[in-house]
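Please read the structure below before turning to the comments.
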Amino acid sequence: MPGSPSDHRSGQPPFDKTDPMLALTRLGSLLKYQLLLVLSLFAFAAVAQTPATPSYAIPGEPRTALLIGNSNYASSPLVNPVNDARAMKKTLTELGFQVSLLENATLKEMSVAVRQFGDKLRSGGGVGVFYYAGHGMQIKGRNYLIPVAAELMREDEVAYTAMEVGALLDKMESARNRINIVILDACRNNPFTRSGRSATQGLVQMDAPIGTYISFATAPGRIASDGFEGSNDANGLFTRHLLGALRMPGLKVEDVFKQVRVKVMQESDGVQVPWDNSSLTGDFYFNPSPAATTEEAGATENASAAKPVVLASVAASAPAPSQKEHAPLSRGDLEAPAKPVAAPKARSVEPSPALASLARPAVVTAPVPKAVDNSALYEELYRKGQDAAKRGQPAAAVEAFEPAADKGYAPAQYELGLILKTGRKPVEQDLPRARRLLQKAAEQGNPGALYEAAQMADRGLGGDKNCKDAEKWARKAAEKGSLEAAQLAGELNLKGCDGNKNPAEAARWLRKAADKGSRDAAFSLGVLYFTGEGVTKDTGEARIWLEAAAAKGHPSAKSILTASANNI
């Protein structure tokens, strides 16, 4: 009743339901919270529908690329670099880059192109990409890109006959553009190591200047096979997978090269592991446009995830209403009270046999991805072991490799086998175990393990000599593109197993290895042409191969040429 003590507990005058002003006050309070909610939802919708310009999709941001493919080396030609550079030009052009391409460039041409490239980046800004395919080498901790006309006979000649990668990075860094990406498919088998004792295979790891991403076709100090002539692949292993990853929509630059690493490792059985070094401070997408279905799914997920947050923020910011404001209003208050809806009664329906079979949880039709998960774990252990080995911590490397090797992961078996084959303090040499590990990896087709297993079987390391196994493993490794294995297969066929020599087969493999720059294979092939064993005798051809071997420092080739000057 109006005027009763209960109506004055809150200190407010008693509420008269017949008073229209009080009813409007109640309605105004309710509308206030509804208005707050509506405004918040409108603000959220405005933010959701007006995306901020991401750093990787700046409107009109220039994209500039310089590509160099060197194949036509005089002493050690390569098959794929020019094809690789042409394919990269096509792909990057389609992705919005202004592309300059050099094929079979001299040092002067490379230097001029790099200078012009740096000037474009300085004046235009944006994103710069440098791609190189061809021979490269490291000397005294520095990486060099080899022009096609380079004649490297001594170590001290390299600095002024080849292009140092550090100078390229300096040029790109000085341009002060937003992002630079350097891609070096220059880790092929190096024929120029004769230039000095500091020259080693592969490239050395190098620091990336701020805002730069550097990608290597394989790990520091390792080589990546260029493949044999006549291969069905138009591109090298690394670039072939890079071309596909560049087109994948919605991948950051780091994810592009992660995709490449996984594919290359899978195809090479872990022998070739692309490497990278990054100091990027922003994001970049080669192909920033995700598929329509991905955009729709992402928008739905974002809206669903964000809506409760907005409602919660509105509820937290609004003052808590009194008990009366929470109470339902009568018709006199312009709103009918909400009526609870009864839950539907449960019905017992016997499903049909077909529906019952679909509903059985015990039936699992999709395969359990256990093997995929294990592969990811083994790959992580493998990478951890490689990092430890690179830091000069063989014990830590063995600790990482062993669990994956024990489970049959071929790349880890290969790396562990190499450590045990030589012994690296504090890890003791264990030739029998090394041979078992390498043979297990070879049985899975690991190219590096195939070659190592062939060597151990041929020399009798860790067990008896086995010429049949040696020839089998060497041939399989050579078929996968191993230069060293092709040479070994040739030598094994020359020696013969159980007295069964095969000079024609030997010449076939030696020719493949010699064509790819093998000094020893060139020497052996020259001898075959001189004697006419396995090939048609041809003293002119013999001289060509012996001179090639002599030019690369073979200790016997020059002596034979001098002694046989009148006969060759």
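Residues in the structure tokens are numbered from 1 in each chain, the chains being A, B, ... in the order shown, and ligands are numbered from 1 in the order shown.
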Close residues, range 436-444 of chain A itself excluded, 12 Å, only C-alpha atoms, min 5 positions apart in chain, as a tab-separated table (two decimals) with all heavy atoms, in the first residue's frame:
```tsv
chain	number	residue	atom	x	y	z
A	266	GLN	N	61.61	-32.98	-46.98
A	266	GLN	CA	60.90	-34.21	-47.30
A	266	GLN	C	61.44	-34.84	-48.58
A	266	GLN	O	61.69	-36.04	-48.65
A	266	GLN	CB	59.40	-33.93	-47.44
A	266	GLN	CG	58.69	-33.63	-46.13
A	266	GLN	CD	57.25	-33.23	-46.33
A	266	GLN	OE1	56.81	-32.90	-47.43
A	266	GLN	NE2	56.47	-33.23	-45.24
A	268	SER	N	64.36	-34.38	-50.05
A	268	SER	CA	65.77	-34.76	-50.00
A	268	SER	C	66.06	-35.71	-48.85
A	268	SER	O	67.22	-36.01	-48.59
A	268	SER	CB	66.64	-33.51	-49.85
A	268	SER	OG	66.46	-32.93	-48.57
A	269	ASP	N	65.00	-36.18	-48.17
A	269	ASP	CA	65.17	-37.06	-47.02
A	269	ASP	C	66.06	-36.43	-45.96
A	269	ASP	O	66.87	-37.10	-45.31
A	269	ASP	CB	65.76	-38.41	-47.45
A	269	ASP	CG	64.78	-39.20	-48.31
A	269	ASP	OD1	63.59	-39.18	-48.01
A	269	ASP	OD2	65.22	-39.83	-49.28
A	270	GLY	N	65.93	-35.14	-45.78
A	270	GLY	CA	66.63	-34.45	-44.71
A	270	GLY	C	68.06	-34.06	-45.02
A	270	GLY	O	68.72	-33.44	-44.18
A	271	VAL	N	68.55	-34.37	-46.21
A	271	VAL	CA	69.93	-34.03	-46.56
A	271	VAL	C	70.07	-32.52	-46.79
A	271	VAL	O	71.03	-31.90	-46.37
A	271	VAL	CB	70.40	-34.81	-47.79
A	271	VAL	CG1	71.76	-34.31	-48.29
A	271	VAL	CG2	70.49	-36.29	-47.46
A	401	PHE	N	69.59	-36.11	-31.52
A	401	PHE	CA	69.40	-37.01	-32.66
A	401	PHE	C	68.92	-38.40	-32.23
A	401	PHE	O	68.12	-39.03	-32.95
A	401	PHE	CB	70.71	-37.17	-33.45
A	401	PHE	CG	71.10	-35.96	-34.25
A	401	PHE	CD1	72.42	-35.54	-34.29
A	401	PHE	CD2	70.16	-35.25	-34.98
A	401	PHE	CE1	72.80	-34.43	-35.03
A	401	PHE	CE2	70.52	-34.14	-35.72
A	401	PHE	CZ	71.85	-33.73	-35.74
A	402	GLU	N	69.41	-38.89	-31.09
A	402	GLU	CA	69.19	-40.30	-30.75
A	402	GLU	C	67.72	-40.70	-30.64
A	402	GLU	O	67.34	-41.74	-31.18
A	402	GLU	CB	69.94	-40.65	-29.46
A	402	GLU	CG	71.41	-40.96	-29.72
A	402	GLU	CD	72.10	-41.59	-28.53
A	402	GLU	OE1	71.79	-41.17	-27.39
A	402	GLU	OE2	72.95	-42.46	-28.74
A	404	ALA	N	65.06	-39.55	-32.13
A	404	ALA	CA	64.47	-39.61	-33.47
A	404	ALA	C	65.09	-40.74	-34.28
A	404	ALA	O	64.39	-41.44	-35.03
A	404	ALA	CB	64.67	-38.27	-34.19
A	405	ALA	N	66.40	-40.95	-34.13
A	405	ALA	CA	67.06	-42.04	-34.85
A	405	ALA	C	66.55	-43.39	-34.38
A	405	ALA	O	66.34	-44.31	-35.20
A	405	ALA	CB	68.57	-41.95	-34.66
A	406	ASP	N	66.33	-43.55	-33.10
A	406	ASP	CA	65.83	-44.82	-32.56
A	406	ASP	C	64.45	-45.16	-33.09
A	406	ASP	O	64.07	-46.33	-33.18
A	406	ASP	CB	65.79	-44.76	-31.02
A	406	ASP	CG	67.19	-44.78	-30.41
A	406	ASP	OD1	68.13	-45.15	-31.12
A	406	ASP	OD2	67.32	-44.42	-29.23
A	407	LYS	N	63.68	-44.12	-33.45
A	407	LYS	CA	62.34	-44.33	-33.99
A	407	LYS	C	62.34	-44.45	-35.51
A	407	LYS	O	61.29	-44.47	-36.14
A	407	LYS	CB	61.41	-43.18	-33.57
A	407	LYS	CG	61.17	-43.12	-32.06
A	407	LYS	CD	60.46	-44.36	-31.54
A	407	LYS	CE	60.15	-44.25	-30.07
A	407	LYS	NZ	59.49	-45.46	-29.55
A	408	GLY	N	63.54	-44.51	-36.11
A	408	GLY	CA	63.62	-44.73	-37.54
A	408	GLY	C	63.58	-43.50	-38.40
A	408	GLY	O	63.36	-43.59	-39.61
A	409	TYR	N	63.81	-42.29	-37.82
A	409	TYR	CA	63.78	-41.05	-38.61
A	409	TYR	C	65.11	-40.94	-39.36
A	409	TYR	O	66.17	-40.70	-38.77
A	409	TYR	CB	63.56	-39.86	-37.70
A	409	TYR	CG	63.30	-38.56	-38.41
A	409	TYR	CD1	62.19	-38.41	-39.24
A	409	TYR	CD2	64.14	-37.47	-38.25
A	409	TYR	CE1	61.94	-37.22	-39.89
A	409	TYR	CE2	63.90	-36.26	-38.89
A	409	TYR	CZ	62.79	-36.15	-39.72
A	409	TYR	OH	62.54	-34.96	-40.36
A	410	ALA	N	65.07	-41.11	-40.68
A	410	ALA	CA	66.27	-41.24	-41.48
A	410	ALA	C	67.23	-40.05	-41.38
A	410	ALA	O	68.44	-40.25	-41.26
A	410	ALA	CB	65.90	-41.50	-42.94
A	411	PRO	N	66.76	-38.79	-41.45
A	411	PRO	CA	67.71	-37.67	-41.34
A	411	PRO	C	68.49	-37.69	-40.04
A	411	PRO	O	69.69	-37.39	-40.03
A	411	PRO	CB	66.80	-36.43	-41.44
A	411	PRO	CG	65.62	-36.89	-42.22
A	411	PRO	CD	65.39	-38.31	-41.77
A	412	ALA	N	67.83	-38.06	-38.92
A	412	ALA	CA	68.54	-38.13	-37.64
A	412	ALA	C	69.51	-39.30	-37.62
A	412	ALA	O	70.62	-39.20	-37.07
A	412	ALA	CB	67.54	-38.25	-36.49
A	413	GLN	N	69.13	-40.42	-38.22
A	413	GLN	CA	70.05	-41.55	-38.32
A	413	GLN	C	71.30	-41.15	-39.11
A	413	GLN	O	72.42	-41.52	-38.74
A	413	GLN	CB	69.35	-42.73	-39.00
A	413	GLN	CG	68.26	-43.37	-38.15
A	413	GLN	CD	67.48	-44.43	-38.92
A	413	GLN	OE1	67.35	-44.35	-40.14
A	413	GLN	NE2	66.96	-45.40	-38.21
A	414	TYR	N	71.10	-40.42	-40.17
A	414	TYR	CA	72.22	-39.97	-41.00
A	414	TYR	C	73.17	-39.07	-40.22
A	414	TYR	O	74.39	-39.29	-40.20
A	414	TYR	CB	71.66	-39.25	-42.23
A	414	TYR	CG	72.68	-38.48	-43.04
A	414	TYR	CD1	73.71	-39.14	-43.70
A	414	TYR	CD2	72.61	-37.10	-43.14
A	414	TYR	CE1	74.65	-38.44	-44.45
A	414	TYR	CE2	73.54	-36.38	-43.88
A	414	TYR	CZ	74.55	-37.06	-44.53
A	414	TYR	OH	75.47	-36.36	-45.25
A	415	GLU	N	72.63	-38.05	-39.55
A	415	GLU	CA	73.48	-37.11	-38.81
A	415	GLU	C	74.19	-37.80	-37.65
A	415	GLU	O	75.37	-37.56	-37.40
A	415	GLU	CB	72.63	-35.94	-38.30
A	415	GLU	CG	72.05	-35.06	-39.38
A	415	GLU	CD	73.10	-34.20	-40.07
A	415	GLU	OE1	74.26	-34.17	-39.60
A	415	GLU	OE2	72.77	-33.57	-41.08
A	416	LEU	N	73.47	-38.65	-36.93
A	416	LEU	CA	74.08	-39.37	-35.82
A	416	LEU	C	75.16	-40.30	-36.32
A	416	LEU	O	76.24	-40.44	-35.70
A	416	LEU	CB	73.01	-40.13	-35.04
A	416	LEU	CG	73.46	-40.91	-33.80
A	416	LEU	CD1	74.15	-39.99	-32.81
A	416	LEU	CD2	72.26	-41.60	-33.15
A	417	GLY	N	74.90	-40.96	-37.45
A	417	GLY	CA	75.90	-41.85	-38.04
A	417	GLY	C	77.17	-41.11	-38.41
A	417	GLY	O	78.28	-41.62	-38.20
A	418	LEU	N	77.04	-39.87	-38.94
A	418	LEU	CA	78.22	-39.09	-39.30
A	418	LEU	C	79.06	-38.75	-38.08
A	418	LEU	O	80.30	-38.81	-38.11
A	418	LEU	CB	77.79	-37.80	-40.00
A	418	LEU	CG	77.24	-37.91	-41.43
A	418	LEU	CD1	76.94	-36.52	-41.97
A	418	LEU	CD2	78.22	-38.63	-42.34
A	419	ILE	N	78.40	-38.36	-36.98
A	419	ILE	CA	79.14	-38.02	-35.76
A	419	ILE	C	79.88	-39.25	-35.23
A	419	ILE	O	81.06	-39.17	-34.86
A	419	ILE	CB	78.19	-37.47	-34.69
A	419	ILE	CG1	77.61	-36.12	-35.14
A	419	ILE	CG2	78.90	-37.30	-33.35
A	419	ILE	CD1	76.56	-35.54	-34.21
A	420	LEU	N	79.21	-40.39	-35.21
A	420	LEU	CA	79.83	-41.61	-34.68
A	420	LEU	C	80.90	-42.14	-35.63
A	420	LEU	O	81.83	-42.83	-35.20
A	420	LEU	CB	78.76	-42.67	-34.43
A	420	LEU	CG	77.72	-42.32	-33.36
A	420	LEU	CD1	76.65	-43.40	-33.30
A	420	LEU	CD2	78.39	-42.16	-32.01
A	421	LYS	N	80.77	-41.84	-36.90
A	421	LYS	CA	81.77	-42.32	-37.86
A	421	LYS	C	83.14	-41.68	-37.60
A	421	LYS	O	84.19	-42.34	-37.68
A	421	LYS	CB	81.31	-42.00	-39.29
A	421	LYS	CG	82.31	-42.40	-40.36
A	421	LYS	CD	81.85	-41.95	-41.74
A	421	LYS	CE	82.92	-42.22	-42.80
A	421	LYS	NZ	82.52	-41.72	-44.12
A	430	ASP	N	82.43	-44.70	-33.07
A	430	ASP	CA	81.80	-46.02	-33.00
A	430	ASP	C	81.43	-46.42	-34.42
A	430	ASP	O	80.31	-46.22	-34.88
A	430	ASP	CB	80.56	-45.96	-32.10
A	430	ASP	CG	79.96	-47.34	-31.82
A	430	ASP	OD1	80.29	-48.28	-32.57
A	430	ASP	OD2	79.15	-47.46	-30.88
A	431	LEU	N	82.40	-47.00	-35.13
A	431	LEU	CA	82.21	-47.33	-36.54
A	431	LEU	C	81.12	-48.38	-36.78
A	431	LEU	O	80.31	-48.21	-37.71
A	431	LEU	CB	83.53	-47.78	-37.15
A	431	LEU	CG	84.57	-46.67	-37.35
A	431	LEU	CD1	85.88	-47.26	-37.85
A	431	LEU	CD2	84.07	-45.62	-38.33
A	449	ALA	N	73.02	-40.63	-46.67
A	449	ALA	CA	73.31	-41.92	-46.04
A	449	ALA	C	73.67	-42.97	-47.09
A	449	ALA	O	74.51	-43.84	-46.84
A	449	ALA	CB	72.11	-42.38	-45.21
A	450	LEU	N	73.04	-42.90	-48.25
A	450	LEU	CA	73.38	-43.83	-49.33
A	450	LEU	C	74.86	-43.71	-49.70
A	450	LEU	O	75.57	-44.71	-49.84
A	450	LEU	CB	72.52	-43.54	-50.57
A	450	LEU	CG	71.06	-44.01	-50.51
A	450	LEU	CD1	70.26	-43.36	-51.63
A	450	LEU	CD2	70.97	-45.53	-50.61
A	451	TYR	N	75.33	-42.51	-49.82
A	451	TYR	CA	76.74	-42.30	-50.18
A	451	TYR	C	77.67	-42.76	-49.05
A	451	TYR	O	78.68	-43.44	-49.29
A	451	TYR	CB	76.97	-40.83	-50.49
A	451	TYR	CG	78.43	-40.49	-50.70
A	451	TYR	CD1	79.14	-41.01	-51.77
A	451	TYR	CD2	79.10	-39.65	-49.81
A	451	TYR	CE1	80.48	-40.71	-51.96
A	451	TYR	CE2	80.43	-39.34	-49.99
A	451	TYR	CZ	81.12	-39.88	-51.07
A	451	TYR	OH	82.45	-39.59	-51.26
A	452	GLU	N	77.34	-42.38	-47.81
A	452	GLU	CA	78.18	-42.78	-46.68
A	452	GLU	C	78.19	-44.29	-46.49
A	452	GLU	O	79.23	-44.88	-46.20
A	452	GLU	CB	77.69	-42.08	-45.40
A	452	GLU	CG	77.87	-40.58	-45.39
A	452	GLU	CD	79.33	-40.16	-45.34
A	452	GLU	OE1	80.18	-40.98	-44.91
A	452	GLU	OE2	79.63	-39.01	-45.72
A	453	ALA	N	77.04	-44.93	-46.65
A	453	ALA	CA	76.98	-46.38	-46.52
A	453	ALA	C	77.81	-47.06	-47.61
A	453	ALA	O	78.47	-48.07	-47.37
A	453	ALA	CB	75.52	-46.85	-46.61
A	454	ALA	N	77.79	-46.47	-48.82
A	454	ALA	CA	78.61	-47.02	-49.90
A	454	ALA	C	80.09	-46.92	-49.57
A	454	ALA	O	80.86	-47.87	-49.78
A	454	ALA	CB	78.30	-46.28	-51.20
A	455	GLN	N	80.50	-45.78	-49.04
A	455	GLN	CA	81.89	-45.59	-48.66
A	455	GLN	C	82.33	-46.59	-47.60
A	455	GLN	O	83.41	-47.20	-47.70
A	455	GLN	CB	82.11	-44.17	-48.14
A	455	GLN	CG	82.48	-43.15	-49.18
A	455	GLN	CD	83.13	-41.93	-48.54
A	455	GLN	OE1	82.82	-41.57	-47.40
A	455	GLN	NE2	84.03	-41.31	-49.25
A	456	MET	N	81.50	-46.76	-46.57
A	456	MET	CA	81.88	-47.65	-45.47
A	456	MET	C	81.92	-49.10	-45.95
A	456	MET	O	82.80	-49.87	-45.54
A	456	MET	CB	80.90	-47.48	-44.31
A	456	MET	CG	80.93	-46.10	-43.68
A	456	MET	SD	80.06	-45.99	-42.09
A	456	MET	CE	81.30	-46.65	-40.97
A	457	ALA	N	81.00	-49.48	-46.81
A	457	ALA	CA	81.01	-50.84	-47.34
A	457	ALA	C	82.22	-51.06	-48.23
A	457	ALA	O	82.85	-52.13	-48.22
A	457	ALA	CB	79.72	-51.12	-48.11
A	461	LEU	N	84.72	-50.17	-43.29
A	461	LEU	CA	84.66	-49.45	-42.01
A	461	LEU	C	83.49	-49.96	-41.19
A	461	LEU	O	82.36	-50.02	-41.67
A	461	LEU	CB	84.51	-47.95	-42.25
A	461	LEU	CG	85.63	-47.26	-43.02
A	461	LEU	CD1	85.31	-45.79	-43.23
A	461	LEU	CD2	86.96	-47.41	-42.29
A	462	GLY	N	83.74	-50.36	-39.96
A	462	GLY	CA	82.68	-50.83	-39.08
A	462	GLY	C	82.19	-52.22	-39.42
A	462	GLY	O	81.15	-52.64	-38.92
A	463	GLY	N	82.90	-52.94	-40.25
A	463	GLY	CA	82.50	-54.29	-40.65
A	463	GLY	C	83.32	-54.75	-41.84
A	463	GLY	O	84.32	-54.12	-42.22
A	469	ASP	N	77.28	-54.24	-51.88
A	469	ASP	CA	76.54	-53.19	-51.17
A	469	ASP	C	77.09	-51.82	-51.55
A	469	ASP	O	76.32	-50.86	-51.74
A	469	ASP	CB	76.65	-53.38	-49.66
A	469	ASP	CG	75.63	-54.37	-49.13
A	469	ASP	OD1	74.80	-54.84	-49.94
A	469	ASP	OD2	75.66	-54.68	-47.92
A	470	ALA	N	78.39	-51.70	-51.63
A	470	ALA	CA	79.00	-50.41	-51.97
A	470	ALA	C	78.51	-49.92	-53.32
A	470	ALA	O	78.11	-48.76	-53.48
A	470	ALA	CB	80.52	-50.54	-51.97
A	472	LYS	N	75.80	-50.86	-54.92
A	472	LYS	CA	74.34	-50.64	-54.88
A	472	LYS	C	74.02	-49.28	-54.27
A	472	LYS	O	73.25	-48.48	-54.82
A	472	LYS	CB	73.68	-51.75	-54.07
A	472	LYS	CG	72.18	-51.55	-53.88
A	472	LYS	CD	71.57	-52.65	-53.01
A	472	LYS	CE	72.05	-52.56	-51.57
A	472	LYS	NZ	71.37	-53.54	-50.70
A	473	TRP	N	74.64	-48.99	-53.09
A	473	TRP	CA	74.34	-47.73	-52.41
A	473	TRP	C	74.84	-46.55	-53.23
A	473	TRP	O	74.16	-45.52	-53.33
A	473	TRP	CB	74.98	-47.70	-51.02
A	473	TRP	CG	74.52	-48.72	-50.03
A	473	TRP	CD1	75.32	-49.51	-49.25
A	473	TRP	CD2	73.18	-49.07	-49.67
A	473	TRP	NE1	74.57	-50.32	-48.44
A	473	TRP	CE2	73.25	-50.07	-48.69
A	473	TRP	CE3	71.93	-48.66	-50.12
A	473	TRP	CZ2	72.12	-50.65	-48.12
A	473	TRP	CZ3	70.79	-49.23	-49.56
A	473	TRP	CH2	70.89	-50.22	-48.57
A	474	ALA	N	76.03	-46.67	-53.83
A	474	ALA	CA	76.59	-45.57	-54.61
A	474	ALA	C	75.71	-45.26	-55.82
A	474	ALA	O	75.45	-44.10	-56.16
A	474	ALA	CB	78.01	-45.90	-55.05
A	475	ARG	N	75.25	-46.32	-56.49
A	475	ARG	CA	74.40	-46.11	-57.67
A	475	ARG	C	73.10	-45.42	-57.29
A	475	ARG	O	72.65	-44.49	-57.98
A	475	ARG	CB	74.11	-47.46	-58.34
A	475	ARG	CG	73.15	-47.37	-59.52
A	475	ARG	CD	73.09	-48.70	-60.27
A	475	ARG	NE	73.08	-49.85	-59.39
A	475	ARG	CZ	72.00	-50.30	-58.73
A	475	ARG	NH1	70.84	-49.66	-58.87
A	475	ARG	NH2	72.07	-51.37	-57.96
A	476	LYS	N	72.49	-45.85	-56.19
A	476	LYS	CA	71.22	-45.23	-55.76
A	476	LYS	C	71.43	-43.76	-55.38
A	476	LYS	O	70.58	-42.91	-55.69
A	476	LYS	CB	70.62	-46.01	-54.60
A	476	LYS	CG	70.05	-47.36	-55.02
A	476	LYS	CD	69.32	-48.03	-53.87
A	476	LYS	CE	68.65	-49.33	-54.33
A	476	LYS	NZ	67.90	-49.99	-53.25
A	477	ALA	N	72.53	-43.47	-54.70
A	477	ALA	CA	72.81	-42.08	-54.33
A	477	ALA	C	73.06	-41.24	-55.58
A	477	ALA	O	72.62	-40.10	-55.67
A	477	ALA	CB	74.00	-42.02	-53.38
A	480	LYS	N	70.03	-40.17	-57.29
A	480	LYS	CA	69.34	-39.08	-56.61
A	480	LYS	C	70.06	-37.75	-56.79
A	480	LYS	O	69.66	-36.74	-56.24
A	480	LYS	CB	69.21	-39.41	-55.11
A	480	LYS	CG	68.16	-40.45	-54.80
A	480	LYS	CD	68.09	-40.71	-53.29
A	480	LYS	CE	66.94	-41.66	-52.96
A	480	LYS	NZ	65.63	-41.00	-53.06
```
Which of these, A:Tyr382, A:Phe257, A:Trp275, A:Tyr131, has the shortest distance to Phe216 in chain A once you count only C-alpha atoms?
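Smallest distance to Phe216 in chain A is found for A:Trp275.
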Shell of 8 Å around Gly128 in chain A, only C-alpha atoms, local chain residues under 3 positions omitted, as a PyMOL selection string
chain A and resi 63-65+121+172+177+179-181
Can you spit out the residues from that selection as a tab-separated table (two decimals), in the first residue's frame, using N, CA, C and O atoms?
```tsv
chain	number	residue	atom	x	y	z
A	63	ARG	N	57.30	-2.51	-54.94
A	63	ARG	CA	57.92	-3.82	-54.79
A	63	ARG	C	58.95	-3.95	-55.91
A	63	ARG	O	58.60	-3.93	-57.10
A	64	THR	N	60.21	-4.08	-55.53
A	64	THR	CA	61.30	-4.07	-56.51
A	64	THR	C	62.14	-5.32	-56.32
A	64	THR	O	62.46	-5.70	-55.18
A	65	ALA	N	62.53	-5.96	-57.42
A	65	ALA	CA	63.31	-7.19	-57.33
A	65	ALA	C	64.44	-7.19	-58.35
A	65	ALA	O	64.27	-6.72	-59.48
A	121	LEU	N	65.65	1.31	-54.65
A	121	LEU	CA	65.13	1.14	-53.30
A	121	LEU	C	65.21	2.45	-52.51
A	121	LEU	O	64.32	2.79	-51.74
A	172	MET	N	71.70	-2.52	-49.87
A	172	MET	CA	70.26	-2.58	-49.60
A	172	MET	C	69.93	-1.89	-48.28
A	172	MET	O	68.91	-1.20	-48.16
A	177	ASN	N	64.83	1.41	-47.07
A	177	ASN	CA	63.45	1.05	-47.40
A	177	ASN	C	62.90	0.16	-46.29
A	177	ASN	O	63.62	-0.24	-45.36
A	179	ILE	N	61.48	-3.08	-46.04
A	179	ILE	CA	61.84	-4.50	-45.90
A	179	ILE	C	62.72	-4.92	-47.06
A	179	ILE	O	62.46	-4.56	-48.21
A	180	ASN	N	63.76	-5.70	-46.75
A	180	ASN	CA	64.60	-6.31	-47.77
A	180	ASN	C	64.64	-7.82	-47.57
A	180	ASN	O	64.75	-8.30	-46.43
A	181	ILE	N	64.57	-8.56	-48.68
A	181	ILE	CA	64.59	-10.03	-48.64
A	181	ILE	C	65.68	-10.50	-49.60
A	181	ILE	O	65.67	-10.13	-50.78
```
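Backbone DSSP over range 65-98 of chain A gives strand (DSSP E or B) for Ala65, Leu66, Leu67, Ile68, Gly69 and Gln98 of chain A.
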Requested write-out: N, CA and C atoms of the selected residues, as a PDB file, in the first residue's frame:
```pdb
ATOM      1  N   ALA A  65      62.529  -5.962 -57.416  1.00  0.00           N
ATOM      2  CA  ALA A  65      63.314  -7.194 -57.331  1.00  0.00           C
ATOM      3  C   ALA A  65      64.437  -7.190 -58.348  1.00  0.00           C
ATOM      4  N   LEU A  66      65.602  -7.719 -57.924  1.00  0.00           N
ATOM      5  CA  LEU A  66      66.733  -7.961 -58.820  1.00  0.00           C
ATOM      6  C   LEU A  66      67.043  -9.449 -58.777  1.00  0.00           C
ATOM      7  N   LEU A  67      67.026 -10.092 -59.935  1.00  0.00           N
ATOM      8  CA  LEU A  67      67.258 -11.530 -60.027  1.00  0.00           C
ATOM      9  C   LEU A  67      68.479 -11.796 -60.901  1.00  0.00           C
ATOM     10  N   ILE A  68      69.358 -12.704 -60.446  1.00  0.00           N
ATOM     11  CA  ILE A  68      70.535 -13.082 -61.223  1.00  0.00           C
ATOM     12  C   ILE A  68      70.599 -14.607 -61.295  1.00  0.00           C
ATOM     13  N   GLY A  69      70.701 -15.134 -62.508  1.00  0.00           N
ATOM     14  CA  GLY A  69      70.866 -16.571 -62.695  1.00  0.00           C
ATOM     15  C   GLY A  69      72.117 -16.839 -63.513  1.00  0.00           C
ATOM     16  N   GLN A  98      58.311  -5.014 -59.610  1.00  0.00           N
ATOM     17  CA  GLN A  98      59.052  -4.550 -60.775  1.00  0.00           C
ATOM     18  C   GLN A  98      60.358  -5.329 -60.782  1.00  0.00           C
TER      19      GLN A  98
END
```
When you count only C-alpha atoms, which of these residues is closest to Val127 in chain A: A:Arg115, A:Lys495, A:Arg142, A:Arg176?
A:Arg176
Using only C-alpha atoms, which protein or nucleic acid residues come within 7 Å of range 533-539 of chain A? Drop anything in the same chain fewer than 3 positions from it, and give the result as a PyMOL selection string.
chain A and resi 503-504+507+528-530+542-543+568
Residues just named, written with C-alpha atoms as a compact mmCIF listing (two decimals), in the first residue's frame:
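Output (out.txt):
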```txt
# COMPACT_ATOMS: atom_id res chain seq x y z
CA PRO A 503 84.21 -49.86 -67.78
CA ALA A 504 81.23 -48.66 -69.86
CA ALA A 507 82.49 -44.09 -67.90
CA LEU A 528 89.61 -43.92 -69.99
CA TYR A 529 89.59 -41.92 -73.22
CA PHE A 530 93.36 -42.28 -73.46
CA ALA A 542 91.46 -37.40 -73.18
CA ARG A 543 93.42 -34.15 -73.27
CA ILE A 568 97.97 -36.81 -76.35
```
Find the distance between CA of Leu95 in chain A and CA of Ala167 in chain A and write it in Å to one decimal.
27.2 Å
Could you work out how far CA of Leu184 in chain A lies from CA of Ala486 in chain A, giving the answer in Å with one decimal?
25.7 Å
Spatial neighbours of Arg178 in chain A, max dist 12 Å, only C-alpha atoms, sep filter under 3 positions, as a ChimeraX atom specification:
/A:55-56,58,61-64,121-122,124-129,172-175,181,209-213,279-284
When you draw a straight line from CA of Phe117 in chain A to CA of Val99 in chain A, how long is it in Å?
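Those two atoms sit 9.9 Å apart.
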Write out as a PyMOL selection string which residues come within 12 Å of Ser111 in chain A when counting only C-alpha atoms, dropping same-chain ones fewer than 6 positions away.
chain A and resi 66+68+102+105+117-118+145-147+160-165+167-168+171
Quick one: residues within 12 Å of Ala133 in chain A, only C-alpha atoms, excluding same-chain residues fewer than 2 positions away - as an NGL selection string?
:A and (66-72 or 78-88 or 101-105 or 130-131 or 135-136 or 145-148 or 182-188 or 216-217 or 224 or 226 or 235-239)
Please give the complete set of residues from range 388-486 of chain A that DSSP, run on the backbone, assigns to helix (DSSP H, G or I), formatted as a PyMOL selection string.
chain A and resi 388-390+394-406+410-422+431-443+447-459+467-479+483-486
